[in-house]
Amino acid sequence: MLQTAKFSLRALKHSIPHLGNCMQKQSYRNVAGPYYSRVRLKKYHLTKCLQNKPRIAGLARNIPSRSFSCKDLLPIKPESEKPISENMDAFEKVRTRLETQPQEEYEVVNAEIKHGGFVYYQEGCCLVRSKDEEADSDNYEVLFNLEELKLDQPFIDCIRVAPDEKYVAAKIRTEDSETSTLVVVKLSDQPVMEASFPNVSSFEWVKDEEDEDVLFYTFQRNLRCHDVYRATFGDNKRNERFYTEKDPSYFVFLYLTKDSRFLTLNIMNKTTSEVWLIDGLSPWDPPVLIQKRIHGMLYYVEHRDDELYILTNVGEPTEFKLMRTAADAPAIMNWDLFFTMKRNTKVVDLDMFKDHCVLFLKHSNLLYVNVIGLADDSVRSLKLPPWACGFIMDTNSDPKNCPFQLCSPIRPPKYYTYKFAEGKLFEETGHEDPITKTSRVLRLEAKSKDGKLVPMTVFHKTDSEDLQRKPLLVHVYGAYGMDLKMNFRPEKRVLVDDGWILAYCHVRGGGELGLQWHADGRLTKKLNGLADLVACIKTLHSQGFSQPSLTTLSAFSAGGVLVGALCNSKPELLRAVTLEAPFLDVLNTMLDTTLPLTLEELEEWGNPSSDEKHKNYIKRYCPCQNIKPQHYPSVHITAYENDERVPLKGIVNYTEKLKEAVAEHTKGAGEGYQPPNIILDIQPGGNHVIEDSHKKITTQMKFLYEELGLDSTDAFEALKKYLKF
């Protein structure tokens, strides 16, 4: 659907809600990976992180989360591998083949960036570059060998090229850790590593008045960034601290405007932000403050033609709207309202072009793109295909086109390009994914106990008969104003093909319907998210989607709070649960004010140390505080030995208490009672969530199939074509 309209700048009174989570590494207690990565497809070849530069929405996603030490816990060693035996069950044989045979259809590609006619990317263990037209060939130049860092299976997370291509900087990390090393390589006939910096988070290049490349970067300690440095190389080497944030509840993130005119220094916590402008032409000059931080006020900045475009929640209603002001008059009293949207609309991202501003939106659980003509204030609103659940942004310097990708949990991403000259959206042609004909996507709503309508997204096979007898896998998150992850996952595709129903419940506390949707599910309203989840599952059952004995629930990180609370309060709704790096001991974690990020978490969970109301409220829903002898669903927990975001100690404590409650209930349950399985699988490594761990995927799927008494052979045979081990 394509509509064109003249837009009155001040006429509308509605808001643009909170920036969402579509590309990023999610922050807070969610994921180091739930992000939607940019994807280049050859059949189902996926990319891990292809990007030219961060997007403005990324600023809302880089708030670091709590760091914990687990030195007091003894590491649990994984069981040794066993050889294949003749009497091994069908699942184990398939899984063993999956873990030993290389597959062809699922390829992980690392960071890539185009600059000055070259493409910079990772090839094997090396940072390389090739001419743009030869990017898919084997004709490339090796710039740096990652093995020099002596890391275990390193990969390039991000690349930035200096403006005149004298240097390239690459951030390198490993799958099992969130710590990173920034390497600066001097580009010449014989490329050489010029410098390296540990624990770098964000970084950007600018060029000063004397054409010298200046690197700005933030230093990360315990997943927090308070210090900004700037460095030069060559004959005029220097490395100096540029800024230090004194308030421990804030962090610092760098963002270079798309036209590279300004480097923005973003000082943020979960509810408040402050932005300083660093002149991209005079980076040694003092930065300019746009607006001093005001509690509860968030804003993000882009630039075009000497004007600043500011996405902010200032004013009523307190949802996001777009404002603009002259770059030389950035103070808030000069901001003019430029663009607003109707309610229940979330701004996923914003991209700025020479003559257009493009907004990527989610309205009533459907995706839209609004293209604003900056010369005439015209607006073209494009409703995107109903199967699409998420955007994957493609940062592109071409002023004539705006490319992006659409994806869903069961469908690999597909390219789309909006061409400004034609005023039309073009989709990638070629082979049509058969999932479009063999599956259905439904947008449903559940009425919570206070009357709020909670959106749900449901997937199932088109030819499924008697859906009430089909297995159901429910997903939930509901925290930090972040959207529920709905990027493509091969295992989700396999489940739908095998007859499962997938349901994604967009409960309060998440960000799907804007800032207020988040506010209605945090602090002393956290139980709204639980009520929403209960309403969603009951609505699914009442509308003929599965039944409690075939219903399973999956969550990660902070989503574990709602899942754990549901298991304590409404265990009869579920048969089995899988959790990954779950946050389960809210009260004891928030009472420990010595932990480095407790202050940043107070806006989400409350302050039980100083506020008795908060303490008593947390006690009402905290999973670890409400375990009791009763029947529970079976629970499989995946945790990581050195996870810095969620304390392993709390997960172990929860598991032990749950096992004790199950054992006590079993004693009085009588003969024939089958107790639930409670499994804690502690994996080595220090990452928070390892999304592409094939061992994790197969283990969790095996658990679900076995708990429901289903044959998994076909599902795991199908999974082989997607996963490359």
# chains A, B, ... in the order shown; residues from 1 in each chain; ligands from 1
>>> select_by_dssp(residues="segment 602-677 of chain A", states="alpha helix (DSSP H)", output="PyMOL selection string")
chain A and resi 602-605+612-621+648-667
>>> write_last_selection(atoms="N, CA and C atoms", output="short mmCIF file (atom, residue, chain, number, x, y, z; two decimals), in the first residue's frame")
data_model
loop_
_atom_site.label_atom_id
_atom_site.label_comp_id
_atom_site.auth_asym_id
_atom_site.auth_seq_id
_atom_site.Cartn_x
_atom_site.Cartn_y
_atom_site.Cartn_z
N LEU A 602 18.33 0.08 38.52
CA LEU A 602 17.28 0.55 39.43
C LEU A 602 16.05 1.06 38.67
N GLU A 603 16.26 1.65 37.49
CA GLU A 603 15.13 2.20 36.73
C GLU A 603 14.21 1.09 36.21
N GLU A 604 14.73 -0.12 36.09
CA GLU A 604 13.91 -1.22 35.59
C GLU A 604 13.27 -2.02 36.70
N TRP A 605 14.05 -2.35 37.74
CA TRP A 605 13.57 -3.28 38.76
C TRP A 605 13.22 -2.60 40.09
N GLU A 612 11.24 0.24 50.65
CA GLU A 612 10.55 -0.96 51.12
C GLU A 612 9.43 -1.38 50.17
N LYS A 613 8.80 -0.39 49.52
CA LYS A 613 7.75 -0.71 48.55
C LYS A 613 8.33 -1.51 47.39
N HIS A 614 9.48 -1.09 46.89
CA HIS A 614 10.13 -1.83 45.81
C HIS A 614 10.52 -3.23 46.26
N LYS A 615 11.06 -3.32 47.46
CA LYS A 615 11.50 -4.62 47.98
C LYS A 615 10.33 -5.59 48.09
N ASN A 616 9.22 -5.14 48.65
CA ASN A 616 8.05 -6.01 48.81
C ASN A 616 7.45 -6.38 47.46
N TYR A 617 7.50 -5.44 46.52
CA TYR A 617 6.94 -5.74 45.20
C TYR A 617 7.78 -6.78 44.47
N ILE A 618 9.10 -6.63 44.52
CA ILE A 618 9.98 -7.62 43.88
C ILE A 618 9.75 -9.00 44.48
N LYS A 619 9.53 -9.06 45.79
CA LYS A 619 9.28 -10.34 46.44
C LYS A 619 8.05 -11.04 45.88
N ARG A 620 7.11 -10.27 45.35
CA ARG A 620 5.87 -10.87 44.85
C ARG A 620 6.08 -11.67 43.57
N TYR A 621 7.07 -11.27 42.75
CA TYR A 621 7.23 -11.95 41.46
C TYR A 621 8.59 -12.62 41.28
N LEU A 648 25.90 -16.39 37.66
CA LEU A 648 25.72 -17.83 37.65
C LEU A 648 25.29 -18.33 39.02
N LYS A 649 25.78 -17.69 40.06
CA LYS A 649 25.44 -18.09 41.42
C LYS A 649 23.93 -18.07 41.64
N GLY A 650 23.25 -17.04 41.10
CA GLY A 650 21.80 -16.96 41.24
C GLY A 650 21.08 -18.06 40.50
N ILE A 651 21.60 -18.44 39.32
CA ILE A 651 20.98 -19.52 38.54
C ILE A 651 21.14 -20.85 39.28
N VAL A 652 22.33 -21.08 39.82
CA VAL A 652 22.56 -22.32 40.57
C VAL A 652 21.65 -22.37 41.80
N ASN A 653 21.54 -21.26 42.50
CA ASN A 653 20.68 -21.19 43.69
C ASN A 653 19.23 -21.49 43.33
N TYR A 654 18.75 -20.91 42.23
CA TYR A 654 17.38 -21.15 41.78
C TYR A 654 17.17 -22.62 41.46
N THR A 655 18.11 -23.21 40.73
CA THR A 655 17.97 -24.61 40.33
C THR A 655 17.93 -25.53 41.54
N GLU A 656 18.78 -25.28 42.51
CA GLU A 656 18.79 -26.12 43.72
C GLU A 656 17.48 -26.00 44.48
N LYS A 657 16.97 -24.79 44.63
CA LYS A 657 15.71 -24.59 45.35
C LYS A 657 14.55 -25.26 44.60
N LEU A 658 14.56 -25.17 43.27
CA LEU A 658 13.50 -25.77 42.48
C LEU A 658 13.53 -27.29 42.61
N LYS A 659 14.72 -27.88 42.56
CA LYS A 659 14.84 -29.33 42.72
C LYS A 659 14.34 -29.77 44.10
N GLU A 660 14.65 -29.00 45.14
CA GLU A 660 14.19 -29.34 46.48
C GLU A 660 12.67 -29.28 46.57
N ALA A 661 12.05 -28.27 45.96
CA ALA A 661 10.59 -28.15 45.98
C ALA A 661 9.94 -29.29 45.22
N VAL A 662 10.52 -29.67 44.08
CA VAL A 662 9.98 -30.79 43.30
C VAL A 662 10.08 -32.09 44.09
N ALA A 663 11.21 -32.30 44.75
CA ALA A 663 11.39 -33.52 45.54
C ALA A 663 10.39 -33.59 46.69
N GLU A 664 10.16 -32.46 47.35
CA GLU A 664 9.21 -32.44 48.46
C GLU A 664 7.79 -32.71 47.97
N HIS A 665 7.43 -32.12 46.83
CA HIS A 665 6.09 -32.36 46.28
C HIS A 665 5.93 -33.81 45.85
N THR A 666 6.98 -34.40 45.29
CA THR A 666 6.92 -35.78 44.81
C THR A 666 6.64 -36.75 45.95
N LYS A 667 7.18 -36.47 47.14
CA LYS A 667 6.98 -37.36 48.29
C LYS A 667 5.50 -37.54 48.62
#
>>> select_by_dssp(residues="segment 418-540 of chain A", states="strand (DSSP E)", output="number ranges by chain")
A: 418-419, 424-427, 439-447, 453-461, 472-476, 501-505
>>> residues_around(residues="segment 532-545 of chain A", least_positions_apart="4", cutoff="6 Å", atoms="only C-alpha atoms", output="PyMOL selection string")
chain A and resi 446+448+467-468+507
>>> atom_distance(atom1="atom CA of Asn266 of chain A", atom2="atom CA of Thr181 of chain A")
21.7 Å
>>> residues_around(residues="Ser282 of chain A", least_positions_apart="3", cutoff="7 Å", atoms="only C-alpha atoms", output="VMD selection string")
chain A and resid 208 to 209 279 285
>>> closest_atom_pairs(of="segment 214-287 of chain A", to="segment 384-403 of chain A", cutoff="12 Å", atoms="only C-alpha atoms", output="CSV")
residue,atom,partner,partner_atom,distance
A:Thr257,CA,A:Thr395,CA,11.9
A:Lys258,CA,A:Ser397,CA,8.5
A:Asp259,CA,A:Ser397,CA,8.9
A:Ser260,CA,A:Ser397,CA,11.2
>>> write_last_selection(atoms="all heavy atoms", output="short mmCIF file (atom, residue, chain, number, x, y, z; two decimals), in the first residue's frame")
data_model
loop_
_atom_site.label_atom_id
_atom_site.label_comp_id
_atom_site.auth_asym_id
_atom_site.auth_seq_id
_atom_site.Cartn_x
_atom_site.Cartn_y
_atom_site.Cartn_z
N THR A 257 27.61 10.85 12.61
CA THR A 257 26.44 11.11 11.77
C THR A 257 26.69 10.57 10.36
O THR A 257 27.84 10.42 9.93
CB THR A 257 26.12 12.61 11.70
OG1 THR A 257 27.26 13.31 11.19
CG2 THR A 257 25.77 13.14 13.08
N LYS A 258 25.63 10.27 9.66
CA LYS A 258 25.78 9.58 8.39
C LYS A 258 26.62 10.37 7.39
O LYS A 258 27.37 9.80 6.60
CB LYS A 258 24.41 9.26 7.79
CG LYS A 258 24.53 8.39 6.55
CD LYS A 258 23.21 7.95 6.00
CE LYS A 258 23.43 7.06 4.79
NZ LYS A 258 22.17 6.64 4.17
N ASP A 259 26.53 11.70 7.44
CA ASP A 259 27.33 12.52 6.53
C ASP A 259 28.74 12.77 7.06
O ASP A 259 29.50 13.52 6.45
CB ASP A 259 26.63 13.84 6.24
CG ASP A 259 26.40 14.68 7.49
OD1 ASP A 259 26.86 14.27 8.58
OD2 ASP A 259 25.77 15.74 7.39
N SER A 260 29.07 12.18 8.22
CA SER A 260 30.39 12.30 8.86
C SER A 260 30.72 13.73 9.29
O SER A 260 31.88 14.03 9.62
CB SER A 260 31.51 11.78 7.93
OG SER A 260 31.30 10.43 7.60
#
>>> closest_atom_pairs(of="segment 449-553 of chain A", to="segment 557-567 of chain A", cutoff="7 Å", atoms="only C-alpha atoms", output="CSV")
residue,atom,partner,partner_atom,distance
A:Val476,CA,A:Gly559,CA,6.1
A:Tyr477,CA,A:Gly559,CA,4.0
A:Gly478,CA,A:Gly559,CA,6.2
A:Ala479,CA,A:Ala558,CA,6.5
A:Leu530,CA,A:Leu562,CA,5.6
>>> write_last_selection(atoms="C-alpha atoms", output="tab-separated table (two decimals), in the first residue's frame")
chain	number	residue	atom	x	y	z
A	476	VAL	CA	8.46	-13.93	25.72
A	477	TYR	CA	10.86	-11.23	26.90
A	478	GLY	CA	9.13	-8.14	28.35
A	479	ALA	CA	11.91	-5.98	29.81
A	530	LEU	CA	3.11	-11.65	33.86
>>> closest_residue(among="A:Ser177, A:Ser378, A:Asn487, A:Thr244", to="Cys407 of chain A", atoms="only C-alpha atoms")
A:Asn487
>>> closest_residue(among="A:Phe320, A:Phe219, A:Phe404, A:Phe203", to="Thr340 of chain A", atoms="only C-alpha atoms")
A:Phe320
